[in-house]
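K.L.:
What follows is model.txt; its format and atoms are compact mmCIF, C-alpha atoms.
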```
# COMPACT_ATOMS: atom_id res chain seq x y z
CA MET A 29 -0.32 -11.84 10.79
CA SER A 30 2.04 -14.21 9.01
CA CYS A 31 4.71 -12.91 6.66
CA ILE A 32 3.38 -12.14 3.21
CA TYR A 33 6.37 -13.60 1.45
CA SER A 34 7.41 -17.06 2.45
CA SER A 35 10.68 -16.64 0.55
CA LEU A 36 11.88 -13.87 2.88
CA SER A 37 13.28 -14.67 6.27
CA SER A 38 11.91 -12.72 9.18
CA PHE A 39 14.01 -10.19 11.03
CA SER A 40 13.81 -8.04 14.11
CA ILE A 41 13.44 -4.30 13.75
CA SER A 42 16.59 -2.40 14.62
CA SER A 43 16.61 0.03 17.50
CA LYS A 44 15.50 3.44 16.33
CA SER A 45 17.21 6.76 16.77
CA ALA A 46 17.58 7.90 20.37
CA PHE A 47 17.00 11.53 19.44
CA PRO A 48 14.20 13.44 17.73
CA SER A 49 14.29 14.82 14.21
CA SER A 50 16.43 17.85 13.49
CA SER A 51 13.45 20.20 13.68
CA SER A 52 12.84 19.33 17.34
CA ARG A 53 16.34 18.25 18.36
CA SER A 54 17.28 21.64 19.77
CA ASN A 55 14.52 21.25 22.40
CA PHE A 56 15.47 17.68 23.29
CA LYS A 57 16.90 17.01 26.74
CA PRO A 58 18.26 13.66 27.95
CA ARG A 59 15.95 11.59 30.09
CA ILE A 60 17.28 11.58 33.64
CA SER A 61 16.13 9.40 36.51
CA CYS A 62 16.45 10.84 39.99
CA SER A 63 15.87 8.90 43.20
CA VAL A 64 14.08 11.00 45.76
CA GLY A 65 13.06 9.46 49.07
CA GLY A 66 13.11 5.96 47.64
CA THR A 67 10.99 6.81 44.57
CA VAL A 68 12.10 7.46 41.02
CA ALA A 69 10.99 10.69 39.36
CA GLU A 70 11.37 11.03 35.60
CA PRO A 71 10.75 14.30 33.80
CA LYS A 72 8.20 14.23 31.00
CA THR A 73 9.86 14.23 27.57
CA ILE A 74 8.68 14.26 24.03
CA ASN A 75 8.66 11.05 22.03
CA ALA A 76 12.20 10.91 20.66
CA THR A 77 11.62 7.97 18.33
CA GLU A 78 11.73 8.73 14.62
CA PRO A 79 8.47 7.83 12.86
CA LEU A 80 8.47 4.61 10.85
CA LEU A 81 7.80 6.52 7.63
CA LEU A 82 11.01 8.54 7.97
CA ASP A 83 13.06 5.44 8.75
CA ALA A 84 11.70 3.70 5.65
CA VAL A 85 12.40 6.65 3.36
CA ARG A 86 15.96 6.89 4.63
CA GLY A 87 16.63 3.24 3.92
CA LYS A 88 16.81 2.09 7.50
CA GLU A 89 15.76 -1.41 8.43
CA VAL A 90 12.05 -1.50 9.21
CA GLU A 91 9.72 -4.34 10.15
CA ARG A 92 7.01 -3.38 7.63
CA PRO A 93 6.23 -0.68 5.09
CA PRO A 94 4.67 2.43 6.62
CA VAL A 95 1.16 3.21 5.40
CA TRP A 96 -0.98 6.29 4.88
CA LEU A 97 -3.55 7.11 2.20
CA MET A 98 -3.99 10.13 0.00
CA ARG A 99 -7.28 11.87 0.90
CA GLN A 100 -7.45 9.78 4.06
CA ALA A 101 -9.24 12.76 5.60
CA GLY A 102 -12.31 13.37 3.50
CA ARG A 103 -15.78 12.73 2.28
CA TYR A 104 -15.91 8.97 2.86
CA MET A 105 -15.79 9.59 6.65
CA LYS A 106 -19.06 10.27 8.43
CA SER A 107 -17.30 12.57 10.89
CA TYR A 108 -16.13 14.70 7.97
CA GLN A 109 -19.61 14.74 6.43
CA THR A 110 -21.05 15.96 9.73
CA LEU A 111 -18.46 18.72 9.91
CA CYS A 112 -19.23 19.75 6.30
CA GLU A 113 -22.87 20.25 7.23
CA LYS A 114 -21.81 22.79 9.84
CA HIS A 115 -19.11 24.35 7.65
CA PRO A 116 -20.15 23.99 3.99
CA SER A 117 -17.36 26.16 2.57
CA PHE A 118 -14.23 24.19 1.65
CA ARG A 119 -12.08 27.27 2.06
CA GLU A 120 -13.38 27.77 5.58
CA ARG A 121 -12.58 24.15 6.43
CA SER A 122 -9.09 24.44 4.97
CA GLU A 123 -8.22 27.92 6.24
CA ASN A 124 -9.42 27.76 9.86
CA VAL A 125 -6.80 26.41 12.26
CA ASP A 126 -9.22 24.50 14.49
CA LEU A 127 -11.02 22.90 11.56
CA VAL A 128 -7.79 22.02 9.74
CA VAL A 129 -6.45 20.28 12.85
CA GLU A 130 -9.72 18.49 13.56
CA ILE A 131 -10.07 17.18 10.00
CA SER A 132 -6.40 16.21 9.72
CA LEU A 133 -6.69 14.18 12.93
CA GLN A 134 -9.95 12.40 12.06
CA PRO A 135 -8.26 9.47 10.26
CA TRP A 136 -5.43 9.46 12.80
CA LYS A 137 -7.83 8.89 15.65
CA VAL A 138 -9.66 6.08 13.80
CA PHE A 139 -6.94 4.28 11.82
CA GLN A 140 -3.58 5.37 13.27
CA PRO A 141 -1.82 5.71 9.87
CA ASP A 142 1.95 6.17 9.76
CA GLY A 143 1.52 9.54 8.06
CA VAL A 144 -0.81 12.38 9.08
CA ILE A 145 -1.17 14.82 6.22
CA LEU A 146 -2.27 18.42 6.62
CA PHE A 147 -5.82 19.05 5.43
CA SER A 148 -5.42 21.81 2.86
CA ASP A 149 -5.39 22.38 -0.89
CA ILE A 150 -2.62 22.98 -3.41
CA LEU A 151 -4.38 26.21 -4.44
CA THR A 152 -4.34 27.68 -0.92
CA PRO A 153 -1.37 29.99 -1.69
CA LEU A 154 -3.07 31.67 -4.66
CA SER A 155 -4.87 34.41 -2.74
CA GLY A 156 -1.56 35.49 -1.25
CA MET A 157 -0.11 35.68 -4.75
CA ASN A 158 -2.76 38.11 -5.99
CA ILE A 159 -4.64 35.37 -7.85
CA PRO A 160 -8.25 35.46 -6.60
CA PHE A 161 -9.97 32.07 -6.56
CA ASP A 162 -12.61 30.00 -4.87
CA ILE A 163 -13.48 26.32 -4.56
CA ILE A 164 -17.16 25.85 -5.34
CA LYS A 165 -19.12 22.78 -4.32
CA GLY A 166 -19.99 20.67 -7.33
CA LYS A 167 -17.68 22.64 -9.62
CA GLY A 168 -14.27 22.69 -8.00
CA PRO A 169 -11.68 25.47 -8.23
CA VAL A 170 -12.50 28.65 -10.10
CA ILE A 171 -9.81 31.24 -10.96
CA PHE A 172 -11.55 34.56 -11.44
CA ASP A 173 -9.00 36.35 -13.63
CA PRO A 174 -6.68 33.87 -15.42
CA PRO A 175 -3.38 35.44 -16.52
CA THR A 176 -2.75 35.27 -20.27
CA THR A 177 -0.14 37.97 -20.94
CA LEU A 178 3.20 39.02 -19.53
CA SER A 179 1.59 42.08 -17.93
CA ASP A 180 -0.90 39.75 -16.20
CA VAL A 181 1.94 37.60 -14.87
CA GLU A 182 3.77 40.68 -13.59
CA LYS A 183 0.82 41.26 -11.24
CA VAL A 184 1.38 37.87 -9.60
CA ARG A 185 3.27 38.24 -6.33
CA GLU A 186 5.76 35.85 -4.80
CA PHE A 187 4.19 33.93 -1.96
CA ILE A 188 5.07 34.85 1.62
CA PRO A 189 3.56 32.09 3.78
CA GLU A 190 4.04 33.88 7.10
CA GLU A 191 1.82 36.72 5.90
CA SER A 192 -0.72 34.87 3.77
CA VAL A 193 -1.31 31.50 5.44
CA PRO A 194 -0.28 31.71 9.11
CA TYR A 195 -3.02 29.19 9.88
CA VAL A 196 -1.02 26.53 8.00
CA GLY A 197 1.97 27.00 10.28
CA GLU A 198 -0.21 27.04 13.39
CA ALA A 199 -2.03 23.87 12.32
CA LEU A 200 1.20 21.99 11.56
CA THR A 201 2.65 22.94 14.93
CA ILE A 202 -0.44 21.63 16.71
CA LEU A 203 -0.49 18.44 14.63
CA ARG A 204 3.15 17.76 15.44
CA LYS A 205 2.40 17.99 19.16
CA GLU A 206 -0.76 15.91 18.90
CA VAL A 207 0.81 13.11 16.88
CA ASN A 208 4.01 13.24 18.98
CA ASN A 209 6.21 11.32 16.53
CA GLN A 210 3.93 8.28 16.60
CA ALA A 211 3.48 9.08 12.89
CA ALA A 212 5.09 11.51 10.48
CA VAL A 213 3.32 14.82 9.94
CA LEU A 214 3.16 15.53 6.22
CA GLY A 215 2.78 18.82 4.43
CA PHE A 216 2.22 19.32 0.72
CA VAL A 217 2.39 21.82 -2.12
CA GLY A 218 1.44 22.01 -5.77
CA ALA A 219 4.16 21.83 -8.43
CA PRO A 220 4.67 24.87 -10.68
CA PHE A 221 3.24 23.37 -13.88
CA THR A 222 0.17 21.99 -12.12
CA LEU A 223 -0.50 25.31 -10.38
CA ALA A 224 0.00 27.16 -13.66
CA SER A 225 -2.42 24.77 -15.35
CA TYR A 226 -5.19 25.52 -12.88
CA VAL A 227 -4.52 29.26 -13.03
CA VAL A 228 -4.29 29.60 -16.82
CA GLU A 229 -7.18 27.21 -17.51
CA GLY A 230 -9.31 29.05 -14.93
CA GLY A 231 -9.91 25.83 -13.01
CA SER A 232 -9.94 22.13 -13.80
CA SER A 233 -9.53 21.06 -17.40
CA LYS A 234 -9.94 18.01 -19.62
CA ASN A 235 -7.96 19.09 -22.66
CA PHE A 236 -5.49 21.67 -21.27
CA THR A 237 -5.72 23.70 -24.46
CA LYS A 238 -5.18 27.08 -22.78
CA ILE A 239 -2.01 26.13 -20.90
CA LYS A 240 -0.62 24.39 -23.99
CA ARG A 241 -1.44 27.36 -26.21
CA LEU A 242 0.50 29.53 -23.79
CA ALA A 243 3.37 27.03 -23.62
CA PHE A 244 3.77 26.67 -27.36
CA ALA A 245 2.76 30.15 -28.57
CA GLU A 246 3.96 32.35 -25.68
CA PRO A 247 6.56 30.27 -23.80
CA LYS A 248 8.20 33.32 -22.19
CA VAL A 249 4.92 34.18 -20.48
CA LEU A 250 4.52 30.68 -19.10
CA HIS A 251 8.15 30.45 -17.99
CA SER A 252 7.73 33.72 -16.09
CA LEU A 253 4.71 32.32 -14.26
CA LEU A 254 6.43 28.98 -13.59
CA GLN A 255 9.42 30.77 -12.09
CA ILE A 256 7.24 32.67 -9.64
CA PHE A 257 5.56 29.42 -8.59
CA ALA A 258 8.91 27.63 -8.21
CA THR A 259 10.35 30.32 -5.95
CA SER A 260 7.11 30.53 -3.97
CA MET A 261 6.69 26.78 -3.46
CA ALA A 262 10.27 26.40 -2.25
CA LYS A 263 9.48 29.04 0.38
CA TYR A 264 6.23 27.27 1.23
CA ILE A 265 7.93 23.90 1.75
CA ARG A 266 10.54 25.45 4.04
CA TYR A 267 7.78 27.22 5.95
CA GLN A 268 5.88 23.98 6.45
CA ALA A 269 9.02 22.17 7.59
CA ASP A 270 9.87 24.95 10.03
CA HIS A 271 6.43 24.62 11.60
CA GLY A 272 6.32 20.86 12.02
CA ALA A 273 6.07 19.03 8.69
CA GLN A 274 8.46 16.07 8.73
CA ALA A 275 8.05 15.33 5.03
CA VAL A 276 6.40 17.22 2.18
CA GLN A 277 4.65 15.84 -0.89
CA ILE A 278 4.77 17.77 -4.16
CA PHE A 279 1.74 17.20 -6.36
CA ASP A 280 2.43 17.57 -10.07
CA SER A 281 -0.89 16.10 -11.07
CA TRP A 282 -1.04 17.65 -14.53
CA ALA A 283 2.60 17.34 -15.61
CA THR A 284 1.76 14.05 -17.27
CA GLU A 285 -0.36 15.97 -19.78
CA LEU A 286 2.99 17.00 -21.25
CA SER A 287 5.05 14.97 -23.69
CA PRO A 288 8.46 13.91 -22.35
CA VAL A 289 10.25 16.68 -24.26
CA ASP A 290 7.81 19.30 -22.98
CA PHE A 291 8.02 17.92 -19.44
CA GLU A 292 11.76 18.55 -19.64
CA GLU A 293 11.11 22.20 -20.51
CA PHE A 294 8.05 23.18 -18.51
CA SER A 295 8.11 20.99 -15.40
CA LEU A 296 11.41 19.25 -14.67
CA PRO A 297 13.63 22.38 -14.36
CA TYR A 298 11.25 23.99 -11.88
CA LEU A 299 10.90 20.85 -9.79
CA LYS A 300 14.70 20.67 -9.67
CA GLN A 301 14.85 24.29 -8.55
CA ILE A 302 12.44 23.61 -5.70
CA VAL A 303 14.27 20.52 -4.50
CA GLU A 304 17.69 22.20 -4.68
CA ALA A 305 16.46 25.29 -2.83
CA VAL A 306 14.84 23.25 -0.06
CA LYS A 307 17.81 20.91 0.35
CA LEU A 308 20.12 23.88 0.89
CA THR A 309 18.32 24.74 4.13
CA HIS A 310 16.59 21.44 4.97
CA PRO A 311 18.87 18.67 3.66
CA ASP A 312 17.21 15.95 5.73
CA LEU A 313 13.61 16.80 4.83
CA PRO A 314 12.13 13.98 2.70
CA LEU A 315 10.42 15.24 -0.43
CA ILE A 316 7.82 13.07 -2.18
CA LEU A 317 6.77 13.65 -5.81
CA TYR A 318 3.40 12.47 -7.06
CA ALA A 319 2.32 12.74 -10.69
CA SER A 320 -0.72 10.74 -11.75
CA GLY A 321 -0.38 8.80 -15.01
CA SER A 322 3.40 9.10 -14.88
CA GLY A 323 4.32 5.84 -16.62
CA GLY A 324 5.66 7.62 -19.68
CA LEU A 325 7.82 9.95 -17.59
CA LEU A 326 8.92 7.60 -14.83
CA GLU A 327 12.67 7.60 -15.46
CA ARG A 328 12.66 11.41 -15.51
CA LEU A 329 11.04 11.84 -12.09
CA PRO A 330 14.11 10.92 -9.98
CA LEU A 331 16.07 13.55 -11.95
CA THR A 332 14.22 16.13 -9.86
CA GLY A 333 16.24 15.06 -6.82
CA VAL A 334 13.25 14.04 -4.70
CA ASP A 335 13.61 11.30 -2.10
CA VAL A 336 10.40 9.43 -2.94
CA VAL A 337 8.44 8.91 -6.15
CA SER A 338 4.78 8.11 -5.65
CA LEU A 339 3.32 5.85 -8.34
CA ASP A 340 -0.25 5.70 -9.51
CA TRP A 341 -1.89 2.31 -10.09
CA THR A 342 -1.35 2.26 -13.87
CA VAL A 343 2.30 1.32 -13.33
CA ASP A 344 3.07 -2.20 -12.14
CA MET A 345 4.90 -1.82 -8.82
CA ALA A 346 7.66 -4.26 -9.79
CA ASP A 347 8.24 -2.41 -13.07
CA GLY A 348 8.20 0.91 -11.25
CA ARG A 349 10.80 -0.24 -8.73
CA ARG A 350 13.03 -1.52 -11.54
CA ARG A 351 12.68 1.61 -13.66
CA LEU A 352 13.27 4.04 -10.80
CA GLY A 353 16.36 2.28 -9.52
CA PRO A 354 17.62 1.68 -5.98
CA ASN A 355 18.45 5.23 -4.95
CA VAL A 356 14.90 6.56 -4.64
CA ALA A 357 12.19 5.35 -2.29
CA ILE A 358 8.81 4.46 -3.74
CA GLN A 359 5.23 5.12 -2.61
CA GLY A 360 1.95 3.57 -3.65
CA ASN A 361 0.26 2.20 -5.53
CA VAL A 362 -2.96 0.29 -4.90
CA ASP A 363 -5.85 1.29 -7.18
CA PRO A 364 -8.32 3.34 -5.06
CA GLY A 365 -11.10 1.32 -6.68
CA VAL A 366 -9.81 -1.78 -4.91
CA LEU A 367 -11.38 -0.39 -1.73
CA PHE A 368 -14.78 -1.11 -3.22
CA GLY A 369 -13.90 -4.81 -3.41
CA SER A 370 -14.19 -7.58 -0.85
CA LYS A 371 -11.89 -7.69 2.15
CA GLU A 372 -10.15 -10.74 0.70
CA PHE A 373 -9.60 -8.88 -2.57
CA ILE A 374 -8.19 -5.86 -0.72
CA THR A 375 -5.84 -8.08 1.29
CA ASN A 376 -4.55 -9.80 -1.85
CA ARG A 377 -3.86 -6.51 -3.60
CA ILE A 378 -1.99 -5.13 -0.58
CA ASN A 379 0.16 -8.26 -0.40
CA ASP A 380 0.87 -8.17 -4.13
CA THR A 381 1.90 -4.51 -4.02
CA VAL A 382 4.20 -4.91 -1.03
CA LYS A 383 5.79 -8.06 -2.45
CA LYS A 384 6.53 -6.31 -5.76
CA ALA A 385 7.90 -3.21 -4.00
CA GLY A 386 10.43 -5.35 -2.17
CA LYS A 387 11.88 -5.00 1.28
CA GLY A 388 12.46 -1.44 2.47
CA LYS A 389 12.24 2.08 0.99
CA HIS A 390 8.53 1.67 0.32
CA ILE A 391 5.55 3.62 1.66
CA LEU A 392 2.31 1.73 1.14
CA ASN A 393 -0.39 4.03 -0.24
CA LEU A 394 -3.01 4.23 -2.93
CA GLY A 395 -2.19 5.27 -6.47
CA HIS A 396 -4.52 8.26 -6.04
CA GLY A 397 -6.84 9.65 -3.37
CA ILE A 398 -9.64 7.71 -1.72
CA LYS A 399 -12.81 7.93 -3.81
CA VAL A 400 -16.07 9.43 -2.58
CA GLY A 401 -18.37 6.63 -1.43
CA THR A 402 -15.59 4.29 -0.39
CA PRO A 403 -16.86 2.10 2.50
CA GLY A 404 -15.23 3.18 5.73
CA GLU A 405 -14.96 -0.42 6.92
CA ASN A 406 -12.86 -1.23 3.87
CA VAL A 407 -10.48 1.63 4.65
CA ALA A 408 -10.23 0.26 8.19
CA HIS A 409 -9.47 -3.19 6.77
CA PHE A 410 -6.76 -1.72 4.53
CA PHE A 411 -5.00 -0.20 7.52
CA GLU A 412 -5.47 -3.30 9.66
CA VAL A 413 -3.90 -5.56 7.05
CA ALA A 414 -1.12 -3.09 6.24
CA LYS A 415 -0.10 -2.59 9.86
CA GLY A 416 -0.09 -6.34 10.45
CA LEU A 417 2.42 -7.04 7.69
CA ARG A 418 5.97 -8.12 8.48
CA TYR A 419 8.83 -8.46 6.04
```
Written as structure tokens, how would this file's structure read?

P.N.:
Amino acid sequence: MSCIYSSLSSFSISSKSAFPSSSSRSNFKPRISCSVGGTVAEPKTINATEPLLLDAVRGKEVERPPVWLMRQAGRYMKSYQTLCEKHPSFRERSENVDLVVEISLQPWKVFQPDGVILFSDILTPLSGMNIPFDIIKGKGPVIFDPPTTLSDVEKVREFIPEESVPYVGEALTILRKEVNNQAAVLGFVGAPFTLASYVVEGGSSKNFTKIKRLAFAEPKVLHSLLQIFATSMAKYIRYQADHGAQAVQIFDSWATELSPVDFEEFSLPYLKQIVEAVKLTHPDLPLILYASGSGGLLERLPLTGVDVVSLDWTVDMADGRRRLGPNVAIQGNVDPGVLFGSKEFITNRINDTVKKAGKGKHILNLGHGIKVGTPGENVAHFFEVAKGLRY
């Protein structure tokens, strides 16, 4: 495919790292050729090339933006629909190692994205924190006993991933081996305010009156809950990284329900805590922050210390790049609804987004997850166009 910007000169991709990422480097052994009886025998080694996504995030020279899509494993795929018929419970699908691996790899096998994200849910840790919940078809998450007082919050336990979600670690380890550095394996967690919103509201919400009542009438109670989530999610990110995740996305989906001043009290400090705690032990692990509808908070998001800010489609990509500055990578931000358009329309929107993002430090993605009913052939076209781009 020809270059999407005629004003940019073409370049050759630089040679990539000759060693694997730090998480697998200790097991790496040099490739040695030995001549035996006139033949050359080479021991089998793991793929030592860093995935394109990691190179892009770290500001290395890349030939094109890496691409993956939020909810790339999901209900628009017929293979996923078939699996759902056999396993109708979402929690079963997201808490069984074999099913998690199978679902996570479904889009990888079809589209070969540059990121393979763990199939899971941000609420997965709740059971291990003494917060009973379920995810009910047609209704979504339901929290059975929402905490409203300090004594309720005191019953919430800090999350210990090794004990509560060993299947997550097992699945990530398998995914890392299956993908073999041909793409980055991504983990993810929920941000403290977003988790607290689900828990206090008892599930999804439109008005967020319960969490805001707690924030403004009983702030000490909410801060206590947010602190538990911050400590727990830092542990969870480190756990995922130790078991194969090469980058982790933090979803703060509901933080944008806060005004800027309230974001600075109830979300930003806890996001900072998580990033600082993770960077102490995993300084090279890229952290991505996604908050839908974040236009009013955009300049505050890099203050968290994350490596990548993921934009939704309501922010113009050129404006987002300018407002975020040069020190943070950017992800996004094609409107998921574009995938219902014609192939020509999809191509034009991809080109426009990549052109506005500029050369380097950009991960091409949607501004939100793929919508139910999205034509699979349009998703395939998105990946085909994206992987054919050259700066």

K.L.:
Find the residues near range 377-394 of chain A: any atom within 8 Å, counting all atoms listed in the file, skip ones fewer than 5 places away on the same chain, and give them as a PyMOL selection string.

P.N.:
chain A and resi 32-33+81+84-90+92-98+340-341+345-346+349+356-364+366+410+413-414+419

K.L.:
Deliver the residues from the most recent selection as a file, using C-alpha atoms, as a short mmCIF file (atom, residue, chain, number, x, y, z; two decimals), keeping the file's coordinate frame.

P.N.:
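Ended up saving to out_1.cif:
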```cif
data_model
loop_
_atom_site.label_atom_id
_atom_site.label_comp_id
_atom_site.auth_asym_id
_atom_site.auth_seq_id
_atom_site.Cartn_x
_atom_site.Cartn_y
_atom_site.Cartn_z
CA ILE A 32 3.38 -12.14 3.21
CA TYR A 33 6.37 -13.60 1.45
CA LEU A 81 7.80 6.52 7.63
CA ALA A 84 11.70 3.70 5.65
CA VAL A 85 12.40 6.65 3.36
CA ARG A 86 15.96 6.89 4.63
CA GLY A 87 16.63 3.24 3.92
CA LYS A 88 16.81 2.09 7.50
CA GLU A 89 15.76 -1.41 8.43
CA VAL A 90 12.05 -1.50 9.21
CA ARG A 92 7.01 -3.38 7.63
CA PRO A 93 6.23 -0.68 5.09
CA PRO A 94 4.67 2.43 6.62
CA VAL A 95 1.16 3.21 5.40
CA TRP A 96 -0.98 6.29 4.88
CA LEU A 97 -3.55 7.11 2.20
CA MET A 98 -3.99 10.13 0.00
CA ASP A 340 -0.25 5.70 -9.51
CA TRP A 341 -1.89 2.31 -10.09
CA MET A 345 4.90 -1.82 -8.82
CA ALA A 346 7.66 -4.26 -9.79
CA ARG A 349 10.80 -0.24 -8.73
CA VAL A 356 14.90 6.56 -4.64
CA ALA A 357 12.19 5.35 -2.29
CA ILE A 358 8.81 4.46 -3.74
CA GLN A 359 5.23 5.12 -2.61
CA GLY A 360 1.95 3.57 -3.65
CA ASN A 361 0.26 2.20 -5.53
CA VAL A 362 -2.96 0.29 -4.90
CA ASP A 363 -5.85 1.29 -7.18
CA PRO A 364 -8.32 3.34 -5.06
CA VAL A 366 -9.81 -1.78 -4.91
CA PHE A 410 -6.76 -1.72 4.53
CA VAL A 413 -3.90 -5.56 7.05
CA ALA A 414 -1.12 -3.09 6.24
CA TYR A 419 8.83 -8.46 6.04
#
```

K.L.:
With all atoms listed in the file as the basis for distance, which of A:Leu200, A:Ile265, A:Lys167, A:Ala243 is at the shortest distance from Gly231 in chain A?

P.N.:
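Once distances to Gly231 in chain A are computed over all atoms listed in the file, the minimum belongs to A:Lys167.
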
K.L.:
Find the residues around Leu223 in chain A up to 10 Å (only C-alpha atoms counted), leave out those fewer than 2 positions away in its own chain, and share them as a ChimeraX atom specification.

P.N.:
/A:150-151,153-154,217-221,225-229,231,253-254,257-258,279-282

K.L.:
Taking only C-alpha atoms into account, name the residue in A:Leu339, A:Met105, A:Ala212, A:Leu127 that is nearest to Glu78 in chain A.

P.N.:
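Closest candidate: A:Ala212.
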
K.L.:
Could you check which of A:Lys183, A:Arg266, A:Arg350, A:Lys234 is closest to Phe216 in chain A, using all atoms listed in the file?

P.N.:
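Closest residue, counting all atoms listed in the file: A:Arg266.
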
K.L.:
Would you mind listing what lies within 12 Å of Leu296 in chain A as number ranges by chain, with all atoms listed in the file counted and same-chain residues fewer than 6 positions away left out?

P.N.:
A: 219-222, 254-255, 258, 280, 283-284, 286-290, 302-303, 317, 319, 325-334

K.L.:
Take CA of Thr375 in chain A and CA of Lys137 in chain A and report the distance between them in Å, one decimal.

P.N.:
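Value for the CA of Thr375 in chain A-CA of Lys137 in chain A distance: 22.3 Å.
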
K.L.:
Which residues are close to Ser117 in chain A, i.e. within 12 Å by all atoms listed in the file, leaving aside same-chain residues fewer than 6 positions away? Reply as a list in words.

P.N.:
Leu111, Glu123, Asn124, Leu127, Asp162, Ile163, Ile164, Lys165, Gly166 and Gly168 of chain A

K.L.:
For the residues in the current selection, export C-alpha atoms as an mmCIF file, in the frame of the given file.

P.N.:
```cif
data_model
loop_
_atom_site.group_PDB
_atom_site.id
_atom_site.type_symbol
_atom_site.label_atom_id
_atom_site.label_comp_id
_atom_site.auth_asym_id
_atom_site.auth_seq_id
_atom_site.Cartn_x
_atom_site.Cartn_y
_atom_site.Cartn_z
ATOM 1 C CA LEU A 111 -18.460 18.720 9.910
ATOM 2 C CA GLU A 123 -8.220 27.920 6.240
ATOM 3 C CA ASN A 124 -9.420 27.760 9.860
ATOM 4 C CA LEU A 127 -11.020 22.900 11.560
ATOM 5 C CA ASP A 162 -12.610 30.000 -4.870
ATOM 6 C CA ILE A 163 -13.480 26.320 -4.560
ATOM 7 C CA ILE A 164 -17.160 25.850 -5.340
ATOM 8 C CA LYS A 165 -19.120 22.780 -4.320
ATOM 9 C CA GLY A 166 -19.990 20.670 -7.330
ATOM 10 C CA GLY A 168 -14.270 22.690 -8.000
#
```

K.L.:
One decimal, in Å: what's the spacing between CA of Glu190 in chain A and CA of Asn208 in chain A?

P.N.:
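Taking CA of Glu190 in chain A as the start and CA of Asn208 in chain A as the end point, the length is 23.8 Å.
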
K.L.:
Tell me, as a compact mmCIF listing (two decimals) with C-alpha atoms, in the coordinates of the input, which residues lie within 7 Å of Val213 in chain A, counting all atoms listed in the file; anything in the same chain fewer than 5 positions away does not count.

P.N.:
```
# COMPACT_ATOMS: atom_id res chain seq x y z
CA GLY A 143 1.52 9.54 8.06
CA VAL A 144 -0.81 12.38 9.08
CA ILE A 145 -1.17 14.82 6.22
CA ARG A 204 3.15 17.76 15.44
CA ALA A 273 6.07 19.03 8.69
CA GLN A 274 8.46 16.07 8.73
CA ALA A 275 8.05 15.33 5.03
```

K.L.:
Could you check how far CA of Ser260 in chain A sits from CA of Pro194 in chain A, in Å to one decimal?

P.N.:
15.1 Å

K.L.:
Between A:Asp142, A:Glu206, A:Asp344, A:Asp173, which has the minimum distance to Asp83 in chain A (counting all atoms listed in the file)?

P.N.:
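Using all atoms listed in the file, the shortest distance to Asp83 in chain A belongs to A:Asp142.
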
K.L.:
Which residue, A:Gly272, A:Gly321, A:Gly348, A:Thr259, has the smallest gap to Lys300 in chain A when you use all atoms listed in the file?

P.N.:
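Going through A:Gly272, A:Gly321, A:Gly348, A:Thr259 one by one, the smallest distance to Lys300 in chain A is for A:Thr259.
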
K.L.:
For each of A:Val249, A:Leu133, A:Asn406, A:Pro160, take the minimum atom-to-atom distance to Leu203 in chain A, counting all atoms listed in the file, then give the residue where this is smallest.

P.N.:
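That would be A:Leu133, the residue with the smallest distance to Leu203 in chain A.
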